[in-house]
>>> print(open('run-v9.cif').read())   # mmCIF, C-alpha atoms and all ligand atoms
data_start
#
loop_
_atom_site.label_atom_id
_atom_site.label_comp_id
_atom_site.auth_asym_id
_atom_site.auth_seq_id
_atom_site.Cartn_x
_atom_site.Cartn_y
_atom_site.Cartn_z
CA MET A 182 -8.83 -19.18 -14.77
CA LYS A 183 -5.22 -18.89 -13.76
CA ALA A 184 -4.70 -17.87 -10.14
CA ILE A 185 -1.95 -17.70 -7.53
CA ARG A 186 -2.76 -19.43 -4.26
CA LEU A 187 -0.94 -19.72 -0.96
CA HIS A 188 -1.33 -23.31 0.25
CA ALA A 189 0.44 -23.24 3.59
CA PRO A 190 1.80 -20.66 6.02
CA GLY A 191 5.46 -19.91 5.56
CA GLY A 192 5.56 -17.67 2.58
CA VAL A 193 6.86 -17.62 -0.96
CA ASP A 194 7.65 -21.33 -1.37
CA ASN A 195 4.02 -22.18 -0.67
CA LEU A 196 2.67 -20.08 -3.55
CA VAL A 197 1.33 -22.10 -6.49
CA VAL A 198 0.16 -21.02 -9.96
CA GLU A 199 -2.92 -23.07 -10.77
CA GLU A 200 -6.14 -23.35 -12.73
CA ILE A 201 -9.26 -22.84 -10.64
CA ALA A 202 -12.89 -22.07 -11.44
CA THR A 203 -13.63 -18.49 -12.44
CA PRO A 204 -15.76 -16.99 -9.66
CA THR A 205 -19.42 -16.15 -10.24
CA PRO A 206 -20.32 -12.72 -8.86
CA ALA A 207 -22.70 -13.05 -5.90
CA ALA A 208 -25.39 -10.51 -5.11
CA GLY A 209 -23.85 -7.03 -4.88
CA GLU A 210 -20.59 -8.14 -6.49
CA ALA A 211 -18.90 -7.32 -9.78
CA LEU A 212 -16.71 -9.74 -11.73
CA VAL A 213 -13.51 -7.92 -12.67
CA ARG A 214 -11.02 -8.97 -15.34
CA VAL A 215 -7.82 -8.25 -13.46
CA HIS A 216 -5.14 -6.34 -15.37
CA ALA A 217 -2.72 -5.73 -12.53
CA ALA A 218 -2.54 -6.66 -8.84
CA GLY A 219 -0.41 -4.84 -6.27
CA ILE A 220 1.36 -6.81 -3.53
CA THR A 221 2.47 -5.79 -0.06
CA ARG A 222 5.50 -6.93 1.92
CA GLY A 223 4.42 -9.29 4.66
CA GLU A 224 0.93 -9.98 3.29
CA LEU A 225 1.55 -13.74 2.98
CA ASP A 226 1.35 -13.83 6.79
CA TRP A 227 -2.20 -12.45 6.77
CA PRO A 228 -4.53 -15.21 5.45
CA VAL A 229 -3.22 -18.22 7.39
CA ASP A 230 -6.65 -19.17 8.79
CA ARG A 231 -8.36 -19.55 5.40
CA LEU A 232 -5.93 -21.45 3.15
CA PRO A 233 -5.61 -22.00 0.25
CA ALA A 234 -5.89 -18.25 -0.32
CA ILE A 235 -5.40 -15.95 -3.30
CA PRO A 236 -3.06 -13.10 -2.23
CA SER A 237 -3.00 -9.42 -3.29
CA TYR A 238 -5.74 -7.04 -2.19
CA GLU A 239 -5.60 -4.23 -4.74
CA LEU A 240 -6.34 -4.30 -8.43
CA SER A 241 -6.72 -2.46 -11.65
CA GLY A 242 -9.05 -4.07 -14.17
CA THR A 243 -12.27 -4.01 -16.16
CA VAL A 244 -15.77 -4.93 -14.97
CA VAL A 245 -17.08 -7.81 -17.09
CA ALA A 246 -20.27 -8.88 -15.27
CA LEU A 247 -22.49 -7.88 -12.37
CA GLY A 248 -24.19 -9.98 -9.71
CA GLU A 249 -27.79 -9.33 -8.76
CA GLY A 250 -28.32 -5.86 -7.30
CA ALA A 251 -24.74 -4.69 -7.90
CA VAL A 252 -24.83 -0.96 -8.49
CA GLY A 253 -22.42 1.92 -9.05
CA VAL A 254 -20.38 0.31 -11.85
CA ALA A 255 -21.13 -1.08 -15.31
CA PRO A 256 -19.58 -3.75 -17.53
CA GLY A 257 -16.74 -2.30 -19.56
CA GLN A 258 -15.70 0.27 -16.95
CA ALA A 259 -12.06 0.45 -15.93
CA VAL A 260 -11.83 0.25 -12.14
CA CYS A 261 -9.42 -0.01 -9.24
CA ALA A 262 -9.97 -1.15 -5.65
CA LEU A 263 -8.68 -2.12 -2.27
CA THR A 264 -10.42 -5.43 -1.51
CA ASP A 265 -11.26 -6.99 1.86
CA PHE A 266 -8.58 -8.92 3.78
CA ASP A 267 -10.96 -11.62 5.08
CA ARG A 268 -11.62 -13.17 1.65
CA ASP A 269 -9.64 -14.22 -1.41
CA GLY A 270 -7.49 -11.52 -3.00
CA VAL A 271 -7.02 -10.63 -6.66
CA ALA A 272 -3.83 -12.32 -7.92
CA ALA A 273 -5.85 -14.09 -10.60
CA GLU A 274 -7.28 -13.53 -14.06
CA TYR A 275 -10.69 -12.67 -12.57
CA ALA A 276 -11.89 -11.53 -9.16
CA ALA A 277 -15.40 -11.18 -7.72
CA VAL A 278 -15.40 -7.95 -5.71
CA PRO A 279 -18.22 -6.18 -3.86
CA ALA A 280 -19.25 -3.42 -6.28
CA GLU A 281 -19.13 -0.87 -3.46
CA ARG A 282 -15.36 -1.37 -3.24
CA LEU A 283 -14.74 -0.27 -6.84
CA ALA A 284 -13.64 3.21 -7.88
CA LEU A 285 -13.04 4.39 -11.41
CA LYS A 286 -9.46 3.80 -12.53
CA PRO A 287 -7.50 7.05 -12.81
CA SER A 288 -7.25 7.75 -16.53
CA ARG A 289 -3.82 9.35 -16.13
CA LEU A 290 -2.29 6.19 -14.64
CA ASN A 291 -1.48 2.92 -16.36
CA ASP A 292 -2.66 -0.42 -14.95
CA ALA A 293 0.46 -1.07 -12.87
CA GLU A 294 0.24 2.38 -11.28
CA SER A 295 -3.50 2.06 -10.69
CA ALA A 296 -3.00 -1.28 -8.93
CA ALA A 297 -0.18 0.17 -6.83
CA LEU A 298 -2.29 2.98 -5.41
CA PRO A 299 -5.35 1.70 -3.46
CA LEU A 300 -3.94 -0.16 -0.44
CA ALA A 301 -0.88 1.99 0.08
CA ALA A 302 -2.46 5.40 -0.56
CA LEU A 303 -5.48 4.61 1.63
CA SER A 304 -3.11 3.45 4.38
CA ALA A 305 -1.26 6.75 4.15
CA MET A 306 -4.43 8.85 4.08
CA GLN A 307 -6.07 7.04 7.00
CA GLY A 308 -2.84 6.94 9.02
CA LEU A 309 -2.03 10.63 8.60
CA PHE A 310 -5.47 12.20 8.82
CA ASP A 311 -7.98 9.79 10.44
CA HIS A 312 -5.67 8.30 13.08
CA GLY A 313 -2.88 10.90 13.15
CA ARG A 314 -5.19 13.96 12.87
CA LEU A 315 -2.45 15.79 10.97
CA GLN A 316 -3.25 19.39 10.08
CA ALA A 317 -1.71 22.10 7.96
CA GLY A 318 1.34 23.67 9.59
CA GLN A 319 2.12 20.67 11.82
CA ARG A 320 5.36 18.72 11.61
CA VAL A 321 5.30 15.04 10.62
CA LEU A 322 8.08 12.47 10.43
CA VAL A 323 7.45 9.67 7.89
CA LEU A 324 9.48 6.50 8.50
CA GLY A 325 10.12 4.28 5.44
CA ALA A 326 9.37 7.18 3.11
CA ALA A 327 10.42 5.48 -0.15
CA GLY A 328 8.23 2.45 0.46
CA GLY A 329 4.81 1.58 -0.86
CA VAL A 330 2.92 3.45 1.87
CA GLY A 331 5.63 6.00 2.65
CA MET A 332 5.76 7.50 -0.85
CA PHE A 333 2.08 8.43 -0.57
CA ALA A 334 2.42 9.64 3.01
CA VAL A 335 5.11 12.14 2.04
CA GLN A 336 3.01 13.51 -0.81
CA LEU A 337 -0.34 13.62 1.03
CA ALA A 338 1.15 15.30 4.10
CA SER A 339 2.89 17.86 1.93
CA LEU A 340 -0.32 18.52 -0.07
CA ARG A 341 -2.17 19.10 3.22
CA GLY A 342 0.33 21.82 4.12
CA ALA A 343 2.28 19.94 6.80
CA TYR A 344 6.04 20.24 7.24
CA VAL A 345 7.33 16.82 6.13
CA ILE A 346 10.49 15.17 7.42
CA ALA A 347 11.14 11.88 5.67
CA SER A 348 13.36 9.06 6.86
CA THR A 349 14.69 6.63 4.27
CA SER A 350 17.77 4.64 3.42
CA ALA A 351 20.60 6.60 1.82
CA GLU A 352 20.02 5.35 -1.76
CA ASN A 353 16.46 6.73 -1.79
CA VAL A 354 17.11 10.23 -0.45
CA ASP A 355 16.83 11.99 -3.83
CA ALA A 356 13.67 10.11 -4.82
CA VAL A 357 11.97 11.06 -1.56
CA ARG A 358 13.00 14.70 -1.84
CA ALA A 359 11.39 14.73 -5.30
CA LEU A 360 8.09 13.64 -3.71
CA GLY A 361 7.95 16.88 -1.74
CA ALA A 362 9.66 16.16 1.59
CA HIS A 363 11.03 19.31 3.23
CA GLU A 364 13.82 17.40 5.00
CA VAL A 365 15.16 13.90 4.32
CA VAL A 366 17.17 12.06 6.96
CA ASP A 367 19.10 8.81 6.66
CA SER A 368 17.12 6.11 8.49
CA LYS A 369 20.32 4.70 9.95
CA ALA A 370 21.28 7.96 11.67
CA VAL A 371 21.22 7.14 15.38
CA ASP A 372 18.51 9.07 17.25
CA PHE A 373 17.76 11.31 14.24
CA PRO A 374 20.13 13.97 15.66
CA ALA A 375 19.11 16.94 13.51
CA VAL A 376 15.32 16.56 13.72
CA GLU A 377 13.28 19.08 15.75
CA PRO A 378 10.25 17.71 17.68
CA VAL A 379 7.25 16.66 15.59
CA HIS A 380 3.51 16.42 16.18
CA LEU A 381 3.14 13.09 14.37
CA VAL A 382 5.36 10.14 13.53
CA PHE A 383 3.86 8.01 10.77
CA ASP A 384 5.70 4.69 10.69
CA THR A 385 5.76 2.19 7.83
CA ALA A 386 9.02 0.44 8.69
CA GLY A 387 8.75 -0.81 12.27
CA GLY A 388 11.69 -2.07 14.32
CA ASP A 389 14.44 -0.02 15.83
CA ARG A 390 13.72 3.28 14.09
CA LEU A 391 10.12 3.19 15.27
CA ALA A 392 11.34 2.91 18.85
CA ARG A 393 13.95 5.66 18.34
CA SER A 394 11.37 8.03 16.87
CA VAL A 395 9.34 8.23 20.11
CA SER A 396 11.85 10.69 21.57
CA LEU A 397 11.16 13.13 18.70
CA LEU A 398 7.50 13.59 19.52
CA GLU A 399 6.30 16.70 21.29
CA GLN A 400 4.08 16.27 24.39
CA GLY A 401 0.59 15.21 23.32
CA GLY A 402 1.87 14.05 19.93
CA ARG A 403 0.96 10.81 18.18
CA LEU A 404 2.80 7.83 16.80
CA VAL A 405 0.77 5.95 14.19
CA SER A 406 2.16 2.77 12.61
CA VAL A 407 0.92 0.52 9.80
CA ALA A 408 3.83 -1.83 10.37
CA GLU A 409 3.57 -2.91 14.01
CA GLU A 410 2.36 -2.02 17.51
CA PRO A 411 4.42 0.92 18.83
CA PRO A 412 6.30 0.43 22.13
CA ARG A 413 3.64 1.32 24.71
CA ASP A 414 6.03 1.87 27.62
CA LEU A 415 8.16 4.38 25.69
CA CYS A 416 5.05 6.22 24.47
CA ALA A 417 3.64 6.43 28.02
CA GLU A 418 6.96 7.71 29.39
CA ARG A 419 7.03 10.42 26.71
CA GLY A 420 3.36 11.39 27.18
CA VAL A 421 2.38 10.57 23.60
CA GLU A 422 -0.25 8.30 22.08
CA GLY A 423 0.98 5.29 20.09
CA MET A 424 -1.25 3.18 17.85
CA HIS A 425 -1.23 0.54 15.13
CA PHE A 426 -4.15 0.35 12.69
CA VAL A 427 -5.36 -1.77 9.79
CA VAL A 428 -6.39 0.05 6.61
CA GLU A 429 -10.05 -0.17 5.62
CA PRO A 430 -11.55 -0.09 2.12
CA ASN A 431 -13.22 3.29 1.57
CA ARG A 432 -14.58 4.16 -1.85
CA VAL A 433 -15.00 7.87 -1.09
CA GLN A 434 -11.40 8.24 0.07
CA LEU A 435 -10.20 6.14 -2.86
CA GLY A 436 -12.07 8.49 -5.19
CA GLU A 437 -10.25 11.46 -3.60
CA LEU A 438 -6.92 9.74 -4.14
CA THR A 439 -7.58 8.77 -7.76
CA GLY A 440 -8.77 12.35 -8.31
CA LEU A 441 -5.44 13.67 -7.04
CA ALA A 442 -3.63 11.23 -9.35
CA ASP A 443 -5.71 12.40 -12.31
CA GLN A 444 -4.80 16.02 -11.52
CA GLY A 445 -1.14 15.06 -11.54
CA LEU A 446 -0.84 15.87 -7.83
CA LEU A 447 -0.12 12.32 -6.63
CA ARG A 448 2.70 10.29 -8.15
CA VAL A 449 2.91 6.52 -8.01
CA LEU A 450 6.26 4.75 -7.87
CA VAL A 451 6.15 1.20 -9.19
CA GLY A 452 9.45 -0.40 -8.23
CA ALA A 453 8.99 -3.61 -10.21
CA THR A 454 6.42 -5.52 -12.25
CA TYR A 455 6.27 -9.28 -12.79
CA PRO A 456 4.00 -11.54 -14.85
CA LEU A 457 1.37 -13.34 -12.76
CA ALA A 458 3.18 -16.65 -13.24
CA ASP A 459 6.28 -15.16 -11.57
CA ALA A 460 4.42 -14.38 -8.34
CA ARG A 461 7.08 -16.10 -6.24
CA LYS A 462 9.76 -13.80 -7.66
CA ALA A 463 7.51 -10.80 -7.11
CA PHE A 464 6.98 -11.68 -3.45
CA GLU A 465 10.70 -12.35 -3.01
CA ARG A 466 11.35 -8.87 -4.42
CA SER A 467 8.83 -7.29 -2.06
CA LEU A 468 10.54 -8.96 0.91
CA ALA A 469 14.05 -7.91 -0.08
CA ARG A 470 15.72 -4.73 1.21
CA GLY A 471 16.59 -1.83 -1.06
CA GLY A 472 13.32 -1.51 -2.97
CA ARG A 473 11.39 1.63 -3.78
CA GLY A 474 7.64 2.00 -4.29
CA LYS A 475 5.37 -0.96 -4.96
CA VAL A 476 5.73 -4.38 -6.59
CA VAL A 477 2.93 -5.24 -9.03
CA LEU A 478 1.80 -8.46 -10.75
CA MET A 479 0.77 -7.93 -14.37
CA VAL A 480 -2.11 -10.20 -15.30
CA VAL A 481 -3.28 -8.78 -18.61
CA GLY A 482 -1.37 -6.00 -20.34
CA GLY A 483 -3.22 -2.77 -21.15
CA ASP A 484 -3.18 -3.86 -24.77
CA GLY A 485 -4.92 -7.14 -23.95
CA ARG A 486 -1.83 -9.37 -23.98
CA THR A 487 -1.47 -11.83 -21.12
CA GLY A 488 1.11 -10.80 -18.58
CA GLU A 489 3.48 -13.69 -19.17
CA GLY A 490 6.48 -12.27 -20.94
CA ALA A 491 4.77 -8.92 -21.36
CA ALA A 492 6.35 -7.26 -18.34
CA SER A 493 9.60 -7.42 -16.46
CA ALA A 494 11.14 -6.10 -13.30
CA GLY A 495 12.23 -2.55 -13.71
CA ALA A 496 11.87 0.98 -12.44
CA MET A 497 8.81 2.87 -13.54
CA GLY A 498 7.25 6.07 -12.42
CA HIS A 499 4.62 8.54 -13.37
N1 LIG B 1 -1.82 -2.30 8.90
C1 LIG B 1 -2.16 -2.10 7.63
O1 LIG B 1 -3.33 -1.88 7.29
C2 LIG B 1 -1.10 -2.11 6.58
C3 LIG B 1 -1.31 -1.51 5.33
C4 LIG B 1 -0.25 -1.46 4.43
C5 LIG B 1 0.97 -2.00 4.78
N2 LIG B 1 1.12 -2.60 5.97
C6 LIG B 1 2.43 -3.09 6.42
O2 LIG B 1 3.20 -1.91 6.63
C7 LIG B 1 4.54 -2.11 6.21
C8 LIG B 1 4.87 -1.11 5.13
O3 LIG B 1 4.20 -1.44 3.92
P1 LIG B 1 4.84 -0.95 2.54
O4 LIG B 1 4.00 -1.48 1.45
O5 LIG B 1 5.15 0.48 2.61
O6 LIG B 1 6.18 -1.80 2.61
P2 LIG B 1 7.63 -1.58 1.98
O7 LIG B 1 7.57 -0.60 0.89
O8 LIG B 1 8.18 -2.92 1.71
O9 LIG B 1 8.43 -1.02 3.26
C9 LIG B 1 8.42 0.30 3.72
C10 LIG B 1 9.83 0.64 4.19
O10 LIG B 1 10.16 -0.14 5.34
C11 LIG B 1 11.58 -0.32 5.41
N3 LIG B 1 11.78 -1.74 5.72
C12 LIG B 1 11.83 -2.22 6.96
N4 LIG B 1 12.01 -3.54 6.95
C13 LIG B 1 12.07 -3.94 5.67
C14 LIG B 1 12.25 -5.19 5.03
N5 LIG B 1 12.38 -6.33 5.70
N6 LIG B 1 12.24 -5.20 3.70
C15 LIG B 1 12.08 -4.08 2.99
N7 LIG B 1 11.92 -2.85 3.56
C16 LIG B 1 11.93 -2.79 4.89
C17 LIG B 1 12.12 0.22 4.10
O11 LIG B 1 12.60 1.51 4.37
P3 LIG B 1 14.16 1.91 4.27
O12 LIG B 1 14.59 1.71 2.88
O13 LIG B 1 14.15 3.32 4.73
O14 LIG B 1 14.86 0.97 5.24
C18 LIG B 1 10.90 0.33 3.21
O15 LIG B 1 10.98 1.37 2.27
C19 LIG B 1 4.61 -3.59 5.80
O16 LIG B 1 5.01 -4.32 6.92
C20 LIG B 1 3.17 -3.94 5.42
O17 LIG B 1 2.88 -5.32 5.61
C21 LIG B 1 0.12 -2.67 6.88
#
>>> encode(input="run-v9.cif", output="structure tokens")
Amino acid sequence: MKAIRLHAPGGVDNLVVEEIATPTPAAGEALVRVHAAGITRGELDWPVDRLPAIPSYELSGTVVALGEGAVGVAPGQAVCALTDFDRDGVAAEYAAVPAERLALKPSRLNDAESAALPLAALSAMQGLFDHGRLQAGQRVLVLGAAGGVGMFAVQLASLRGAYVIASTSAENVDAVRALGAHEVVDSKAVDFPAVEPVHLVFDTAGGDRLARSVSLLEQGGRLVSVAEEPPRDLCAERGVEGMHFVVEPNRVQLGELTGLADQGLLRVLVGATYPLADARKAFERSLARGGRGKVVLMVVGGDGRTGEGAASAGAMGH
């Protein structure tokens, strides 16, 4: 099968399109024909201890075979998943995935949208509610609100009944407002001057704005980041809890999220799609500033065509 593999640390230049053996599903695994694979900025830094490695940890595709004892899915079913970070990813024509990771693909979403949802939406859900303990009526500030994770965080917090303040770069203000943010502030505004104290800061951007946001938290509040470790000294001074976490696959939560998408309550912004063979360009796009939503590799088009030439970079939405 055709696969993308990272052969050395250092990023995009070390990605190679190559032919490798199609995996055989082990016990408990399903073999999935990959239709689309979502990518995440910075993920090429993750697998450096197990190279060569296939990147991308979220897919939309069709089950084609089952390993011994694999239950919960059947050949022919359309599925989506967040896959584990300690094994090969899914930027390939086929992927062997533990069957327990697979959820039914939302029927309302196309393959690109379905592949853009699992990692980012689970990160938002777990960050806001499991780690951030956000509840209805509380105030939350989402940093990087137009990004892959941020777009879901704004929507999920708003659906939960929280008051959502979103920080994003100026060109994305309207898009973020359309996702349901109650206030949108320019991420470059020094010290977020007009923002009242919040219970939770959910950070997806890191850097300077993460540090600046500590001063907006009320006593006993929380700062939860997917991007990097929050500044512990500033958090201690302010009397707030700061934490970084790593998203975990969770089929039940993924089912809740795909259910929301199927009800039309959760939108997915796909900023750009690229054929599998253009993986380097796709990763370059994900690393560049000014994007919105997720970048997705198209492996097989929904109509069965191979991705090469079948998709191009462009704005899409649902
Ligand atoms: N720990 C975990 O489990 C986990 C899970 C998912 C993602 N992540 C990490 O969390 C971060 C956010 O993921 P994501 O998919 O939401 O990423 P993303 O869409 O690329 O970035 C989110 C936002 O961060 C800002 N940003 C800061 N530095 C940037 C840069 N160098 N290039 C582009 N944008 C930059 C942008 O906001 P503005 O336009 O407002 O500047 C962007 O919208 C990434 O670092 C990713 O690796 C970690």
>>> closest_residue(input="run-v9.cif", among="A:Thr243, A:Ser368, A:Gln316, A:Ser406", to="Leu337 (chain A)", atoms="all atoms listed in the file")
A:Gln316
>>> atom_distance(input="run-v9.cif", atom1="CA of Leu441 (chain A)", atom2="atom C20 of ligand LIG 1 (chain B)")
23.2 Å
>>> closest_residue(input="run-v9.cif", among="A:Leu381, A:Ala262, A:Leu315, A:Cys416", to="Ala347 (chain A)", atoms="all atoms listed in the file")
A:Leu381
>>> atom_distance(input="run-v9.cif", atom1="CA of Pro430 (chain A)", atom2="CA of Leu263 (chain A)")
5.6 Å
>>> closest_atom_pairs(input="run-v9.cif", of="chain A", to="ligand LIG 1 (chain B)", cutoff="7 Å", atoms="all atoms listed in the file", output="Markdown table")
| residue | atom | partner | partner_atom | distance |
| --- | --- | --- | --- | --- |
| A:Thr221 | CA | B:LIG1 | O4 | 4.8 |
| A:Arg222 | CA | B:LIG1 | O17 | 4.8 |
| A:Gly223 | CA | B:LIG1 | O17 | 4.4 |
| A:Glu224 | CA | B:LIG1 | O17 | 5.6 |
| A:Leu300 | CA | B:LIG1 | C4 | 6.2 |
| A:Ala301 | CA | B:LIG1 | C4 | 5.6 |
| A:Ser304 | CA | B:LIG1 | C3 | 5.4 |
| A:Leu324 | CA | B:LIG1 | O13 | 6.8 |
| A:Gly325 | CA | B:LIG1 | C10 | 3.9 |
| A:Ala326 | CA | B:LIG1 | O15 | 6.1 |
| A:Ala327 | CA | B:LIG1 | O15 | 4.8 |
| A:Gly328 | CA | B:LIG1 | O7 | 3.2 |
| A:Gly329 | CA | B:LIG1 | O5 | 3.7 |
| A:Val330 | CA | B:LIG1 | O5 | 3.8 |
| A:Gly331 | CA | B:LIG1 | O5 | 5.5 |
| A:Ser348 | CA | B:LIG1 | O13 | 6.2 |
| A:Thr349 | CA | B:LIG1 | O13 | 3.4 |
| A:Ser350 | CA | B:LIG1 | O13 | 4.1 |
| A:Ser368 | CA | B:LIG1 | O13 | 5.5 |
| A:Thr385 | CA | B:LIG1 | C8 | 4.4 |
| A:Ala386 | CA | B:LIG1 | O10 | 3.6 |
| A:Gly387 | CA | B:LIG1 | C12 | 6.3 |
| A:Val407 | CA | B:LIG1 | N1 | 4.0 |
| A:Ala408 | CA | B:LIG1 | O2 | 3.8 |
| A:His425 | CA | B:LIG1 | N1 | 6.9 |
| A:Phe426 | CA | B:LIG1 | N1 | 5.2 |
| A:Val427 | CA | B:LIG1 | O1 | 3.2 |
| A:Val428 | CA | B:LIG1 | O1 | 3.7 |
| A:Ser467 | CA | B:LIG1 | O8 | 5.8 |
| A:Leu468 | CA | B:LIG1 | N6 | 5.0 |
| A:Ala469 | CA | B:LIG1 | N6 | 5.0 |
| A:Arg470 | CA | B:LIG1 | C15 | 4.1 |
| A:Gly471 | CA | B:LIG1 | O12 | 5.7 |
| A:Gly472 | CA | B:LIG1 | O15 | 6.4 |
| A:Arg473 | CA | B:LIG1 | O15 | 6.1 |
| A:Gly474 | CA | B:LIG1 | O7 | 5.8 |
| A:Lys475 | CA | B:LIG1 | O7 | 6.3 |
>>> residues_near_point(input="run-v9.cif", point="(-17.9, -12.8, -11.8)", cutoff="8 Å", atoms="all atoms listed in the file", output="list in words")
Thr203, Pro204, Thr205, Pro206, Ala207, Glu210, Ala211, Leu212, Val213, Val245, Ala246, Leu247, Gly248, Tyr275, Ala276 and Ala277 of chain A
>>> closest_residue(input="run-v9.cif", among="A:Gly401, A:Arg432, A:Asp311, A:Leu340", to="Ala280 (chain A)", atoms="all atoms listed in the file")
A:Arg432
>>> residues_around(input="run-v9.cif", residues="Glu377 (chain A)", least_positions_apart="6", cutoff="9 Å", atoms="all atoms listed in the file", output="PyMOL selection string")
chain A and resi 320+397-398
>>> atom_distance(input="run-v9.cif", atom1="CA of Ala362 (chain A)", atom2="CA of Ala218 (chain A)")
27.9 Å
>>> closest_residue(input="run-v9.cif", among="A:Gly308, A:Gly445, A:Gly250, A:Gly452", to="Ser288 (chain A)", atoms="all atoms listed in the file")
A:Gly445
>>> residues_around(input="run-v9.cif", residues="region 189-197 of chain A", least_positions_apart="6", cutoff="12 Å", atoms="all atoms listed in the file", output="ChimeraX atom specification")
/A:183,222-236,272-273,457-468
>>> axis_aligned_box(input="run-v9.cif", around="region 429-446 of chain A", padding_each_side="8 Å", output="AutoDock Vina command-line options")
--center_x -7.9 --center_y 7.9 --center_z -3.3 --size_x 30.2 --size_y 32.2 --size_z 33.9
